[in-house]
file structure-v4.cif (mmCIF, C-alpha atoms and all ligand atoms)
data_run
#
loop_
_atom_site.label_atom_id
_atom_site.label_comp_id
_atom_site.auth_asym_id
_atom_site.auth_seq_id
_atom_site.Cartn_x
_atom_site.Cartn_y
_atom_site.Cartn_z
CA MET A 1 -1.48 -56.42 -10.69
CA LYS A 2 -2.54 -52.93 -11.77
CA LYS A 3 -2.79 -51.92 -8.13
CA LEU A 4 0.71 -53.21 -7.43
CA LEU A 5 2.11 -51.19 -10.33
CA LEU A 6 0.35 -48.09 -9.05
CA VAL A 7 1.78 -48.60 -5.56
CA MET A 8 5.25 -49.00 -7.06
CA ALA A 9 4.82 -45.83 -9.14
CA VAL A 10 3.67 -43.83 -6.13
CA GLY A 11 6.59 -45.19 -4.11
CA MET A 12 9.06 -44.10 -6.80
CA VAL A 13 7.58 -40.61 -6.94
CA ALA A 14 7.84 -40.35 -3.15
CA LEU A 15 11.50 -41.40 -3.36
CA CYS A 16 12.24 -38.78 -6.03
CA VAL A 17 10.61 -36.07 -3.96
CA SER A 18 12.43 -37.01 -0.78
CA ALA A 19 15.79 -37.30 -2.60
CA GLY A 20 14.93 -33.79 -3.25
CA ASP A 21 14.64 -31.19 -5.85
CA ALA A 22 15.40 -28.01 -3.97
CA LYS A 23 12.36 -25.78 -3.79
CA TYR A 24 11.65 -22.17 -2.95
CA TYR A 25 9.89 -21.48 0.32
CA ILE A 26 8.53 -18.03 1.12
CA CYS A 27 7.29 -16.90 4.53
CA LYS A 28 3.93 -15.20 4.26
CA TYR A 29 4.70 -12.92 7.21
CA CYS A 30 8.22 -11.60 6.61
CA GLY A 31 8.75 -12.37 2.91
CA THR A 32 11.95 -14.33 3.55
CA LYS A 33 12.81 -16.59 0.62
CA VAL A 34 14.81 -19.77 1.13
CA VAL A 35 15.85 -22.66 -1.10
CA LYS A 36 15.60 -26.06 0.54
CA ASN A 37 14.49 -29.60 -0.17
CA ALA A 38 12.50 -29.83 3.06
CA THR A 39 10.37 -27.36 5.01
CA PRO A 40 12.67 -24.91 6.83
CA SER A 41 12.49 -24.30 10.57
CA ASN A 42 9.68 -21.95 11.54
CA LEU A 43 11.62 -20.31 14.38
CA HIS A 44 12.78 -16.68 14.48
CA CYS A 45 10.41 -14.99 12.06
CA PRO A 46 11.16 -11.26 12.37
CA ALA A 47 7.56 -10.28 11.57
CA HIS A 48 5.63 -12.86 13.54
CA THR A 49 6.51 -15.40 16.24
CA PHE A 50 6.85 -18.24 13.71
CA HIS A 51 7.50 -18.26 9.98
CA GLN A 52 4.72 -19.65 7.87
CA TRP A 53 6.35 -21.23 4.84
CA TYR A 54 4.68 -21.74 1.48
CA VAL A 55 6.30 -23.78 -1.28
CA VAL A 56 6.55 -21.94 -4.60
CA ALA A 57 8.05 -24.51 -6.99
CA PRO A 58 11.28 -26.44 -7.65
CA VAL A 59 14.42 -24.41 -8.43
CA GLY A 60 15.56 -24.10 -12.03
CA PRO A 61 16.75 -21.63 -14.68
CA VAL A 62 13.55 -19.71 -15.45
CA PRO A 63 13.14 -16.30 -13.73
CA TRP A 64 9.72 -15.34 -12.38
CA GLN A 65 8.70 -12.33 -10.33
CA CYS A 66 5.61 -11.61 -8.25
CA GLU A 67 4.19 -8.24 -9.19
CA ARG A 68 2.64 -7.85 -5.74
CA CYS A 69 5.52 -8.57 -3.35
CA GLY A 70 8.42 -8.14 -5.82
CA ILE A 71 10.03 -11.46 -4.90
CA GLN A 72 12.04 -13.02 -7.71
CA VAL A 73 12.61 -16.76 -8.03
CA TYR A 74 14.25 -19.06 -10.58
CA LEU A 75 12.10 -22.06 -11.31
CA LYS A 76 12.28 -25.32 -13.15
CA GLU A 77 11.21 -25.38 -16.81
CA ARG A 78 7.43 -25.72 -17.12
CA ALA A 79 6.95 -25.26 -13.38
CA THR A 80 3.75 -23.55 -12.28
CA PRO A 81 4.50 -21.45 -9.20
CA SER A 82 2.01 -21.68 -6.38
CA ASN A 83 0.18 -18.42 -5.73
CA THR A 84 -0.59 -18.99 -2.05
CA GLY A 85 1.23 -17.18 0.77
CA CYS A 86 2.15 -13.85 -0.85
CA PRO A 87 3.49 -11.48 1.83
CA ALA A 88 2.02 -8.43 0.05
CA ASN A 89 -1.44 -9.79 -0.54
CA SER A 90 -3.13 -13.11 -0.07
CA PHE A 91 -2.00 -14.44 -3.46
CA HIS A 92 1.16 -14.03 -5.51
CA ARG A 93 0.81 -12.91 -9.09
CA TRP A 94 3.78 -14.51 -10.82
CA ASN A 95 5.05 -13.26 -14.18
CA LYS A 96 7.63 -15.10 -16.22
CA GLN A 97 10.53 -12.71 -16.88
ZN ZN B 101 8.78 -15.20 8.49
ZN ZN B 102 3.92 -12.21 -4.02
#

call {"tool": "encode", "arguments": {"input": "structure-v4.cif", "output": "structure tokens", "more": "lines below"}}
Ligand SMILES: [Zn+2]
Ligand SMILES: [Zn+2]
result
Amino acid sequence: MKKLLLVMAVGMVALCVSAGDAKYYICKYCGTKVVKNATPSNLHCPAHTFHQWYVVAPVGPVPWQCERCGIQVYLKERATPSNTGCPANSFHRWNKQ
């Protein structure tokens, strides 16, 4: 019974994610920032043959900026932005504005 509940919970989370909070994606090569609820196309990266997208966090009202690449994003309350895929260095260093 516990297992069934767990499966149901996981299923509901999957549904919520696919129904889609829009998220920020940043390409590690060209620094392009896009807002989407699914991974954007990797074609036509101006800096490299293909974009390499990294998810930052879901979109919201809180401004954050990376002190290394200068990219600014607006994230969900209490979101923790991912530090992987910074175009300026290997890791973003996000500061809440
Ligand atoms: Zn790119
Ligand atoms: Zn950065």

call {"tool": "residues_near_ligand", "arguments": {"input": "structure-v4.cif", "ligand": "ligand ZN 102 (chain B)", "cutoff": "12 Å", "atoms": "only C-alpha atoms and all ligand atoms", "output": "mmCIF file with C-alpha atoms, keeping the file's coordinate frame"}}
result
data_model
loop_
_atom_site.group_PDB
_atom_site.id
_atom_site.type_symbol
_atom_site.label_atom_id
_atom_site.label_comp_id
_atom_site.auth_asym_id
_atom_site.auth_seq_id
_atom_site.Cartn_x
_atom_site.Cartn_y
_atom_site.Cartn_z
ATOM 1 C CA TYR A 25 9.890 -21.480 0.320
ATOM 2 C CA ILE A 26 8.530 -18.030 1.120
ATOM 3 C CA CYS A 27 7.290 -16.900 4.530
ATOM 4 C CA LYS A 28 3.930 -15.200 4.260
ATOM 5 C CA TYR A 29 4.700 -12.920 7.210
ATOM 6 C CA CYS A 30 8.220 -11.600 6.610
ATOM 7 C CA GLY A 31 8.750 -12.370 2.910
ATOM 8 C CA THR A 32 11.950 -14.330 3.550
ATOM 9 C CA LYS A 33 12.810 -16.590 0.620
ATOM 10 C CA TYR A 54 4.680 -21.740 1.480
ATOM 11 C CA VAL A 56 6.550 -21.940 -4.600
ATOM 12 C CA TRP A 64 9.720 -15.340 -12.380
ATOM 13 C CA GLN A 65 8.700 -12.330 -10.330
ATOM 14 C CA CYS A 66 5.610 -11.610 -8.250
ATOM 15 C CA GLU A 67 4.190 -8.240 -9.190
ATOM 16 C CA ARG A 68 2.640 -7.850 -5.740
ATOM 17 C CA CYS A 69 5.520 -8.570 -3.350
ATOM 18 C CA GLY A 70 8.420 -8.140 -5.820
ATOM 19 C CA ILE A 71 10.030 -11.460 -4.900
ATOM 20 C CA GLN A 72 12.040 -13.020 -7.710
ATOM 21 C CA VAL A 73 12.610 -16.760 -8.030
ATOM 22 C CA PRO A 81 4.500 -21.450 -9.200
ATOM 23 C CA SER A 82 2.010 -21.680 -6.380
ATOM 24 C CA ASN A 83 0.180 -18.420 -5.730
ATOM 25 C CA THR A 84 -0.590 -18.990 -2.050
ATOM 26 C CA GLY A 85 1.230 -17.180 0.770
ATOM 27 C CA CYS A 86 2.150 -13.850 -0.850
ATOM 28 C CA PRO A 87 3.490 -11.480 1.830
ATOM 29 C CA ALA A 88 2.020 -8.430 0.050
ATOM 30 C CA ASN A 89 -1.440 -9.790 -0.540
ATOM 31 C CA SER A 90 -3.130 -13.110 -0.070
ATOM 32 C CA PHE A 91 -2.000 -14.440 -3.460
ATOM 33 C CA HIS A 92 1.160 -14.030 -5.510
ATOM 34 C CA ARG A 93 0.810 -12.910 -9.090
ATOM 35 C CA TRP A 94 3.780 -14.510 -10.820
ATOM 36 C CA ASN A 95 5.050 -13.260 -14.180
#

call {"tool": "closest_residue", "arguments": {"input": "structure-v4.cif", "among": "A:His51, A:His44, A:Lys96, A:Lys76", "to": "Lys23 of chain A", "atoms": "all atoms listed in the file"}}
result
A:Lys76

call {"tool": "closest_residue", "arguments": {"input": "structure-v4.cif", "among": "A:Arg78, A:Gly60, A:Val35, A:Gln52", "to": "ligand ZN 101 (chain B)", "atoms": "all atoms listed in the file"}}
result
A:Gln52

call {"tool": "atom_distance", "arguments": {"input": "structure-v4.cif", "atom1": "atom CA of Gln97 of chain A", "atom2": "atom CA of Ala57 of chain A"}}
result
15.6 Å

call {"tool": "atom_distance", "arguments": {"input": "structure-v4.cif", "atom1": "atom CA of Ala79 of chain A", "atom2": "atom CA of Trp53 of chain A"}}
result
18.7 Å
